[in-house]
>>> print(open('coords29.pdb').read())   # PDB, C-alpha atoms
ATOM      1  CA  MET A   1      87.816 166.551  35.042  1.00  0.00           C
ATOM      2  CA  SER A   2      86.159 163.595  36.795  1.00  0.00           C
ATOM      3  CA  GLY A   3      87.523 160.094  37.241  1.00  0.00           C
ATOM      4  CA  LYS A   4      91.183 159.126  37.440  1.00  0.00           C
ATOM      5  CA  TRP A   5      93.746 160.652  35.141  1.00  0.00           C
ATOM      6  CA  GLN A   6      97.366 161.683  35.123  1.00  0.00           C
ATOM      7  CA  LEU A   7      99.285 164.754  34.086  1.00  0.00           C
ATOM      8  CA  GLN A   8     102.770 163.921  32.808  1.00  0.00           C
ATOM      9  CA  LEU A   9     105.447 166.474  31.984  1.00  0.00           C
ATOM     10  CA  GLY A  10     108.846 165.322  30.844  1.00  0.00           C
ATOM     11  CA  GLY A  11     112.195 166.161  29.345  1.00  0.00           C
ATOM     12  CA  HIS A  12     115.825 165.116  29.631  1.00  0.00           C
ATOM     13  CA  HIS A  13     116.106 166.362  33.222  1.00  0.00           C
ATOM     14  CA  LEU A  14     112.458 166.379  34.244  1.00  0.00           C
ATOM     15  CA  ALA A  15     109.679 163.863  34.810  1.00  0.00           C
ATOM     16  CA  VAL A  16     106.557 165.062  36.622  1.00  0.00           C
ATOM     17  CA  ASN A  17     103.697 162.629  37.296  1.00  0.00           C
ATOM     18  CA  LEU A  18     100.622 164.024  39.031  1.00  0.00           C
ATOM     19  CA  THR A  19      97.753 161.551  39.397  1.00  0.00           C
ATOM     20  CA  PHE A  20      94.249 162.935  39.960  1.00  0.00           C
ATOM     21  CA  ASN A  21      91.140 161.229  41.292  1.00  0.00           C
ATOM     22  CA  ALA A  22      87.805 163.054  41.453  1.00  0.00           C
ATOM     23  CA  GLY A  23      89.545 166.372  40.952  1.00  0.00           C
ATOM     24  CA  LYS A  24      92.109 165.896  43.747  1.00  0.00           C
ATOM     25  CA  ILE A  25      95.740 164.812  43.599  1.00  0.00           C
ATOM     26  CA  ALA A  26      96.044 161.147  44.570  1.00  0.00           C
ATOM     27  CA  GLY A  27      99.791 160.952  43.949  1.00  0.00           C
ATOM     28  CA  ALA A  28     102.587 163.455  43.310  1.00  0.00           C
ATOM     29  CA  SER A  29     105.244 160.922  42.407  1.00  0.00           C
ATOM     30  CA  PRO A  30     107.385 159.771  40.710  1.00  0.00           C
ATOM     31  CA  LEU A  31     109.196 163.075  40.319  1.00  0.00           C
ATOM     32  CA  PHE A  32     112.614 163.108  38.654  1.00  0.00           C
ATOM     33  CA  MET A  33     114.750 166.240  38.400  1.00  0.00           C
ATOM     34  CA  GLY A  34     118.252 166.795  37.093  1.00  0.00           C
ATOM     35  CA  LEU A  35     120.329 169.905  36.759  1.00  0.00           C
ATOM     36  CA  GLU A  36     123.409 170.943  34.785  1.00  0.00           C
ATOM     37  CA  PRO A  37     124.918 173.392  35.512  1.00  0.00           C
ATOM     38  CA  LYS A  38     123.982 173.639  39.194  1.00  0.00           C
ATOM     39  CA  ASN A  39     123.511 177.392  38.849  1.00  0.00           C
ATOM     40  CA  TRP A  40     123.722 180.066  36.190  1.00  0.00           C
ATOM     41  CA  GLU A  41     123.183 183.755  35.621  1.00  0.00           C
ATOM     42  CA  ALA A  42     120.769 185.414  33.227  1.00  0.00           C
ATOM     43  CA  ASP A  43     119.661 189.044  33.026  1.00  0.00           C
ATOM     44  CA  GLY A  44     121.588 189.863  36.180  1.00  0.00           C
ATOM     45  CA  ARG A  45     119.967 187.131  38.272  1.00  0.00           C
ATOM     46  CA  THR A  46     121.390 183.850  39.597  1.00  0.00           C
ATOM     47  CA  TYR A  47     119.283 180.690  39.197  1.00  0.00           C
ATOM     48  CA  ALA A  48     119.820 177.492  41.203  1.00  0.00           C
ATOM     49  CA  PRO A  49     116.594 175.395  41.059  1.00  0.00           C
ATOM     50  CA  LEU A  50     117.817 172.604  43.357  1.00  0.00           C
ATOM     51  CA  LYS A  51     119.632 174.867  45.822  1.00  0.00           C
ATOM     52  CA  ASP A  52     117.134 174.319  48.655  1.00  0.00           C
ATOM     53  CA  ASN A  53     117.010 170.547  48.118  1.00  0.00           C
ATOM     54  CA  HIS A  54     120.802 170.403  48.375  1.00  0.00           C
ATOM     55  CA  LYS A  55     120.953 172.855  51.296  1.00  0.00           C
ATOM     56  CA  PHE A  56     118.461 170.972  53.458  1.00  0.00           C
ATOM     57  CA  LEU A  57     120.183 167.617  52.939  1.00  0.00           C
ATOM     58  CA  VAL A  58     123.592 169.093  53.739  1.00  0.00           C
ATOM     59  CA  GLY A  59     122.066 170.682  56.850  1.00  0.00           C
ATOM     60  CA  ILE A  60     120.749 167.342  58.092  1.00  0.00           C
ATOM     61  CA  LEU A  61     124.122 165.655  57.624  1.00  0.00           C
ATOM     62  CA  ALA A  62     125.893 168.560  59.352  1.00  0.00           C
ATOM     63  CA  SER A  63     123.613 168.104  62.387  1.00  0.00           C
ATOM     64  CA  LEU A  64     124.537 164.452  62.908  1.00  0.00           C
ATOM     65  CA  THR A  65     126.956 163.353  65.604  1.00  0.00           C
ATOM     66  CA  PRO A  66     129.964 161.217  64.600  1.00  0.00           C
ATOM     67  CA  GLY A  67     128.098 158.138  65.810  1.00  0.00           C
ATOM     68  CA  GLN A  68     125.007 159.035  63.822  1.00  0.00           C
ATOM     69  CA  LEU A  69     127.077 159.700  60.709  1.00  0.00           C
ATOM     70  CA  ALA A  70     128.707 156.290  61.080  1.00  0.00           C
ATOM     71  CA  ALA A  71     125.292 154.628  61.334  1.00  0.00           C
ATOM     72  CA  ALA A  72     124.002 156.535  58.303  1.00  0.00           C
ATOM     73  CA  LYS A  73     126.990 155.881  56.041  1.00  0.00           C
ATOM     74  CA  LEU A  74     126.554 153.530  53.091  1.00  0.00           C
ATOM     75  CA  ASP A  75     129.213 151.099  51.891  1.00  0.00           C
ATOM     76  CA  LYS A  76     129.200 152.552  48.387  1.00  0.00           C
ATOM     77  CA  GLY A  77     128.267 155.683  46.513  1.00  0.00           C
ATOM     78  CA  TYR A  78     125.905 156.210  43.615  1.00  0.00           C
ATOM     79  CA  ASP A  79     126.478 158.503  40.662  1.00  0.00           C
ATOM     80  CA  ASP A  80     122.811 158.230  39.734  1.00  0.00           C
ATOM     81  CA  VAL A  81     119.504 157.479  41.412  1.00  0.00           C
ATOM     82  CA  SER A  82     118.833 153.765  41.862  1.00  0.00           C
ATOM     83  CA  VAL A  83     115.019 153.823  41.573  1.00  0.00           C
ATOM     84  CA  GLY A  84     114.766 156.184  38.639  1.00  0.00           C
ATOM     85  CA  PRO A  85     113.081 155.980  35.234  1.00  0.00           C
ATOM     86  CA  GLY A  86     112.264 152.406  34.247  1.00  0.00           C
ATOM     87  CA  LYS A  87     112.670 151.180  37.851  1.00  0.00           C
ATOM     88  CA  ASP A  88     109.058 151.445  39.028  1.00  0.00           C
ATOM     89  CA  GLY A  89     108.513 149.499  42.244  1.00  0.00           C
ATOM     90  CA  GLN A  90     112.131 148.317  42.475  1.00  0.00           C
ATOM     91  CA  PHE A  91     112.807 149.615  45.964  1.00  0.00           C
ATOM     92  CA  PRO A  92     115.439 147.792  48.064  1.00  0.00           C
ATOM     93  CA  ALA A  93     113.900 145.086  50.226  1.00  0.00           C
ATOM     94  CA  THR A  94     115.822 146.236  53.313  1.00  0.00           C
ATOM     95  CA  LYS A  95     116.075 149.765  54.639  1.00  0.00           C
ATOM     96  CA  VAL A  96     119.588 150.943  55.421  1.00  0.00           C
ATOM     97  CA  GLY A  97     121.200 153.805  57.257  1.00  0.00           C
ATOM     98  CA  LEU A  98     120.203 155.722  60.370  1.00  0.00           C
ATOM     99  CA  LYS A  99     116.671 155.404  61.723  1.00  0.00           C
ATOM    100  CA  ILE A 100     115.164 158.861  62.213  1.00  0.00           C
ATOM    101  CA  ALA A 101     113.761 157.729  65.585  1.00  0.00           C
ATOM    102  CA  ALA A 102     117.320 158.166  66.896  1.00  0.00           C
ATOM    103  CA  LEU A 103     117.309 161.901  66.093  1.00  0.00           C
ATOM    104  CA  ASN A 104     116.153 164.750  68.289  1.00  0.00           C
ATOM    105  CA  LYS A 105     113.079 166.898  67.647  1.00  0.00           C
ATOM    106  CA  LYS A 106     115.014 169.584  65.772  1.00  0.00           C
ATOM    107  CA  GLN A 107     116.716 167.056  63.510  1.00  0.00           C
ATOM    108  CA  LYS A 108     113.404 165.353  62.729  1.00  0.00           C
ATOM    109  CA  ALA A 109     111.983 168.731  61.730  1.00  0.00           C
ATOM    110  CA  MET A 110     114.978 169.231  59.430  1.00  0.00           C
ATOM    111  CA  VAL A 111     114.260 165.921  57.702  1.00  0.00           C
ATOM    112  CA  LEU A 112     110.610 166.882  57.196  1.00  0.00           C
ATOM    113  CA  ASN A 113     111.614 170.292  55.841  1.00  0.00           C
ATOM    114  CA  ALA A 114     113.897 168.564  53.368  1.00  0.00           C
ATOM    115  CA  ILE A 115     111.175 166.159  52.242  1.00  0.00           C
ATOM    116  CA  GLU A 116     108.815 169.071  51.694  1.00  0.00           C
ATOM    117  CA  THR A 117     111.083 170.606  49.039  1.00  0.00           C
ATOM    118  CA  TRP A 118     110.190 167.632  46.821  1.00  0.00           C
ATOM    119  CA  VAL A 119     106.569 167.226  47.926  1.00  0.00           C
ATOM    120  CA  ASN A 120     105.810 170.849  47.019  1.00  0.00           C
ATOM    121  CA  ILE A 121     105.496 169.751  43.400  1.00  0.00           C
ATOM    122  CA  ALA A 122     101.849 169.211  44.442  1.00  0.00           C
ATOM    123  CA  ASP A 123      99.366 171.940  45.300  1.00  0.00           C
ATOM    124  CA  HIS A 124      99.368 173.253  48.873  1.00  0.00           C
ATOM    125  CA  ARG A 125      96.457 171.130  50.133  1.00  0.00           C
ATOM    126  CA  SER A 126      97.770 167.904  48.610  1.00  0.00           C
ATOM    127  CA  ALA A 127     101.304 168.591  49.824  1.00  0.00           C
ATOM    128  CA  LYS A 128      99.959 169.168  53.332  1.00  0.00           C
ATOM    129  CA  THR A 129      98.192 165.782  53.260  1.00  0.00           C
ATOM    130  CA  LEU A 130     101.347 164.019  52.072  1.00  0.00           C
ATOM    131  CA  MET A 131     103.514 165.763  54.655  1.00  0.00           C
ATOM    132  CA  SER A 132     101.094 164.746  57.414  1.00  0.00           C
ATOM    133  CA  ALA A 133     101.541 161.105  56.400  1.00  0.00           C
ATOM    134  CA  TYR A 134     105.317 161.454  56.260  1.00  0.00           C
ATOM    135  CA  ALA A 135     105.365 163.159  59.667  1.00  0.00           C
ATOM    136  CA  ASN A 136     103.396 160.260  61.152  1.00  0.00           C
ATOM    137  CA  ASP A 137     105.950 157.851  59.674  1.00  0.00           C
ATOM    138  CA  ILE A 138     109.051 159.850  60.578  1.00  0.00           C
ATOM    139  CA  ASP A 139     110.313 157.543  63.343  1.00  0.00           C
ATOM    140  CA  ASN A 140     110.234 154.602  60.920  1.00  0.00           C
ATOM    141  CA  THR A 141     112.057 156.530  58.191  1.00  0.00           C
ATOM    142  CA  TYR A 142     115.785 156.174  57.476  1.00  0.00           C
ATOM    143  CA  ILE A 143     118.482 158.484  56.156  1.00  0.00           C
ATOM    144  CA  ALA A 144     121.637 157.209  54.490  1.00  0.00           C
ATOM    145  CA  TYR A 145     124.519 158.873  52.719  1.00  0.00           C
ATOM    146  CA  TYR A 146     127.882 158.290  51.088  1.00  0.00           C
ATOM    147  CA  GLY A 147     130.884 160.514  50.533  1.00  0.00           C
ATOM    148  CA  ASP A 148     131.372 164.134  51.502  1.00  0.00           C
ATOM    149  CA  VAL A 149     128.613 165.470  53.762  1.00  0.00           C
ATOM    150  CA  ASN A 150     128.630 168.684  51.707  1.00  0.00           C
ATOM    151  CA  LEU A 151     127.577 166.740  48.577  1.00  0.00           C
ATOM    152  CA  VAL A 152     130.245 168.212  46.321  1.00  0.00           C
ATOM    153  CA  ASN A 153     131.916 165.203  44.697  1.00  0.00           C
ATOM    154  CA  VAL A 154     130.979 162.548  42.156  1.00  0.00           C
ATOM    155  CA  LYS A 155     129.129 159.678  43.903  1.00  0.00           C
ATOM    156  CA  ASP A 156     128.216 161.790  46.940  1.00  0.00           C
ATOM    157  CA  TYR A 157     124.698 160.600  47.678  1.00  0.00           C
ATOM    158  CA  VAL A 158     121.783 160.884  50.121  1.00  0.00           C
ATOM    159  CA  ARG A 159     118.709 158.695  50.526  1.00  0.00           C
ATOM    160  CA  ILE A 160     115.583 159.172  52.643  1.00  0.00           C
ATOM    161  CA  ASP A 161     113.523 155.990  52.867  1.00  0.00           C
ATOM    162  CA  GLY A 162     110.304 155.643  54.850  1.00  0.00           C
ATOM    163  CA  PRO A 163     107.183 153.511  54.838  1.00  0.00           C
ATOM    164  CA  GLY A 164     105.979 155.899  52.143  1.00  0.00           C
ATOM    165  CA  VAL A 165     108.515 158.522  51.128  1.00  0.00           C
ATOM    166  CA  TRP A 166     111.576 157.701  49.025  1.00  0.00           C
ATOM    167  CA  ILE A 167     114.054 160.420  48.027  1.00  0.00           C
ATOM    168  CA  GLU A 168     117.454 160.087  46.376  1.00  0.00           C
ATOM    169  CA  PHE A 169     119.953 162.853  45.645  1.00  0.00           C
ATOM    170  CA  ALA A 170     123.011 161.868  43.593  1.00  0.00           C
ATOM    171  CA  CYS A 171     126.035 163.818  42.394  1.00  0.00           C
ATOM    172  CA  GLN A 172     126.986 162.851  38.852  1.00  0.00           C
ATOM    173  CA  PRO A 173     130.027 163.713  36.741  1.00  0.00           C
ATOM    174  CA  GLY A 174     129.564 166.778  34.590  1.00  0.00           C
ATOM    175  CA  VAL A 175     128.683 166.189  30.948  1.00  0.00           C
ATOM    176  CA  ILE A 176     128.548 169.606  29.318  1.00  0.00           C
ATOM    177  CA  TRP A 177     130.686 171.078  32.129  1.00  0.00           C
ATOM    178  CA  PRO A 178     133.054 168.137  32.820  1.00  0.00           C
ATOM    179  CA  LYS A 179     134.919 169.929  35.621  1.00  0.00           C
ATOM    180  CA  GLU A 180     131.708 170.248  37.649  1.00  0.00           C
ATOM    181  CA  ILE A 181     129.254 167.767  39.131  1.00  0.00           C
ATOM    182  CA  HIS A 182     125.577 167.856  38.267  1.00  0.00           C
ATOM    183  CA  TYR A 183     122.579 166.608  40.207  1.00  0.00           C
ATOM    184  CA  HIS A 184     120.038 163.856  39.681  1.00  0.00           C
ATOM    185  CA  THR A 185     117.251 163.435  42.222  1.00  0.00           C
ATOM    186  CA  VAL A 186     114.049 161.427  42.466  1.00  0.00           C
ATOM    187  CA  TYR A 187     111.023 161.532  44.764  1.00  0.00           C
ATOM    188  CA  ARG A 188     108.897 158.405  44.961  1.00  0.00           C
ATOM    189  CA  ASP A 189     106.419 156.887  47.351  1.00  0.00           C
ATOM    190  CA  HIS A 190     106.270 153.170  48.189  1.00  0.00           C
ATOM    191  CA  LEU A 191     102.477 153.423  48.526  1.00  0.00           C
ATOM    192  CA  ARG A 192     101.375 156.370  46.401  1.00  0.00           C
ATOM    193  CA  ASP A 193     103.393 156.360  43.160  1.00  0.00           C
ATOM    194  CA  TYR A 194     100.964 156.992  40.297  1.00  0.00           C
ATOM    195  CA  GLY A 195      98.202 157.430  42.866  1.00  0.00           C
ATOM    196  CA  GLY A 196      98.776 153.904  44.170  1.00  0.00           C
ATOM    197  CA  ASP A 197      97.100 152.417  41.102  1.00  0.00           C
ATOM    198  CA  PHE A 198     100.114 151.481  39.019  1.00  0.00           C
ATOM    199  CA  LYS A 199     100.386 147.712  38.615  1.00  0.00           C
ATOM    200  CA  PHE A 200     104.066 146.900  38.667  1.00  0.00           C
ATOM    201  CA  GLY A 201     105.191 144.238  36.232  1.00  0.00           C
ATOM    202  CA  MET A 202     102.254 144.672  33.822  1.00  0.00           C
TER
END
>>> encode(input="coords29.pdb", output="structure tokens")
Amino acid sequence: MSGKWQLQLGGHHLAVNLTFNAGKIAGASPLFMGLEPKNWEADGRTYAPLKDNHKFLVGILASLTPGQLAAAKLDKGYDDVSVGPGKDGQFPATKVGLKIAALNKKQKAMVLNAIETWVNIADHRSAKTLMSAYANDIDNTYIAYYGDVNLVNVKDYVRIDGPGVWIEFACQPGVIWPKEIHYHTVYRDHLRDYGGDFKFGM
């Protein structure tokens, strides 16, 4: 299909927005995903769709020194994403947390690996282009968190905020399973949401 168009897929815990231009993906965000329960079994197999997203974020936090953790810690937690549905373009004016420039090479690679678990919603070629941009911006990207570094409690939260990439991972109270938490997460891009053509406020 020629020209610009968008594929949208949605549900209670899913919002996929892939914007195409001349047959190529021009934007793979916003992407919203939620999950309750966190894992389940069916036909003898265990399913945990956001396991890698959670694992990579926990790994980054586990790699931080006490000083880095202190710099990354937020003053409050979030039990939901802050730039989710209906919040197009409403990114915080000031970046907070720990600047990735302060991390070593291995830690920076961990951050990029984490980002890629969201970016892979796009096809391989488009994801590679996005990841190249995020890698170029990595030193000007920030990570922030609140709560338990293992992301196991209500209001435990992680944010990755760069010149382009924006990722939030929030632990919410359980609804159907009230004794468990469930996840909400969003991937956005300051520059490329909706292929960069969305006119905020219209």
>>> closest_residue(input="coords29.pdb", among="A:Ala102, A:Leu57, A:Leu9, A:Leu14", to="A:Glu36", atoms="all atoms listed in the file")
A:Leu14
>>> residues_near_point(input="coords29.pdb", point="(109.6, 155.9, 57.9)", cutoff="7 Å", atoms="all atoms listed in the file", output="list of chain:residue names")
A:Asp137, A:Ile138, A:Asp139, A:Asn140, A:Thr141, A:Tyr142, A:Asp161, A:Gly162, A:Pro163, A:Gly164
>>> resolve_selection(input="coords29.pdb", expression="the PyMOL selection byres ((chain A and resi 21) around 9)", output="list in words")
Met1, Ser2, Gly3, Lys4, Trp5, Gln6, Thr19, Phe20, Ala22, Gly23, Lys24, Ile25, Ala26 and Gly195 of chain A
>>> residues_around(input="coords29.pdb", residues="stretch 65-68 of chain A", least_positions_apart="2", cutoff="12 Å", atoms="all atoms listed in the file", output="PyMOL selection string")
chain A and resi 60-63+70-73+97-104+107+142-145+149
>>> write_last_selection(input="coords29.pdb", atoms="C-alpha atoms", output="PDB file, in the frame of the given file")
ATOM      1  CA  ILE A  60     120.749 167.342  58.092  1.00  0.00           C
ATOM      2  CA  LEU A  61     124.122 165.655  57.624  1.00  0.00           C
ATOM      3  CA  ALA A  62     125.893 168.560  59.352  1.00  0.00           C
ATOM      4  CA  SER A  63     123.613 168.104  62.387  1.00  0.00           C
ATOM      5  CA  ALA A  70     128.707 156.290  61.080  1.00  0.00           C
ATOM      6  CA  ALA A  71     125.292 154.628  61.334  1.00  0.00           C
ATOM      7  CA  ALA A  72     124.002 156.535  58.303  1.00  0.00           C
ATOM      8  CA  LYS A  73     126.990 155.881  56.041  1.00  0.00           C
ATOM      9  CA  GLY A  97     121.200 153.805  57.257  1.00  0.00           C
ATOM     10  CA  LEU A  98     120.203 155.722  60.370  1.00  0.00           C
ATOM     11  CA  LYS A  99     116.671 155.404  61.723  1.00  0.00           C
ATOM     12  CA  ILE A 100     115.164 158.861  62.213  1.00  0.00           C
ATOM     13  CA  ALA A 101     113.761 157.729  65.585  1.00  0.00           C
ATOM     14  CA  ALA A 102     117.320 158.166  66.896  1.00  0.00           C
ATOM     15  CA  LEU A 103     117.309 161.901  66.093  1.00  0.00           C
ATOM     16  CA  ASN A 104     116.153 164.750  68.289  1.00  0.00           C
ATOM     17  CA  GLN A 107     116.716 167.056  63.510  1.00  0.00           C
ATOM     18  CA  TYR A 142     115.785 156.174  57.476  1.00  0.00           C
ATOM     19  CA  ILE A 143     118.482 158.484  56.156  1.00  0.00           C
ATOM     20  CA  ALA A 144     121.637 157.209  54.490  1.00  0.00           C
ATOM     21  CA  TYR A 145     124.519 158.873  52.719  1.00  0.00           C
ATOM     22  CA  VAL A 149     128.613 165.470  53.762  1.00  0.00           C
TER      23      VAL A 149
END
>>> atom_distance(input="coords29.pdb", atom1="atom CA of A:Gln90", atom2="atom CA of A:Arg188")
10.9 Å
>>> atom_distance(input="coords29.pdb", atom1="atom CA of A:Pro30", atom2="atom CA of A:Ile167")
9.9 Å
>>> closest_residue(input="coords29.pdb", among="A:Thr117, A:Ser126, A:Asp43, A:Asp197", to="A:Ala28", atoms="all atoms listed in the file")
A:Ser126
>>> atom_distance(input="coords29.pdb", atom1="atom CA of A:Val83", atom2="atom CA of A:Val186")
7.7 Å
>>> closest_residue(input="coords29.pdb", among="A:Thr129, A:Pro92, A:Gly196, A:Leu151", to="A:Lys51", atoms="all atoms listed in the file")
A:Leu151
>>> resolve_selection(input="coords29.pdb", expression="the PyMOL selection byres ((chain A and resi 78) around 7)", output="count of residues only")
9
>>> residues_around(input="coords29.pdb", residues="A:His54", least_positions_apart="2", cutoff="10 Å", atoms="only C-alpha atoms", output="number ranges by chain")
A: 49-52, 56-59, 114, 117, 150-152, 158, 169, 183, 185
>>> residues_around(input="coords29.pdb", residues="A:Ser29", least_positions_apart="3", cutoff="9 Å", atoms="only C-alpha atoms", output="list in words")
Val16, Asn17, Leu18, Thr19, Phe32, Val119, Ile121, Val186, Tyr187, Arg188, Asp189, Arg192, Asp193, Tyr194 and Gly195 of chain A
>>> closest_residue(input="coords29.pdb", among="A:Ala122, A:Lys105, A:Trp40, A:Asn153", to="A:Glu180", atoms="only C-alpha atoms")
A:Asn153
>>> closest_residue(input="coords29.pdb", among="A:Tyr47, A:Ala109, A:Val154, A:Asn53", to="A:Pro173", atoms="all atoms listed in the file")
A:Val154
>>> closest_residue(input="coords29.pdb", among="A:Ile160, A:Ala42, A:Gly147, A:Gly174", to="A:Asp75", atoms="all atoms listed in the file")
A:Gly147
>>> resolve_selection(input="coords29.pdb", expression="the PyMOL selection byres ((chain A and resi 38) around 7)", output="JSON, numbers by chain")
{"A": [35, 36, 37, 39, 48, 182]}
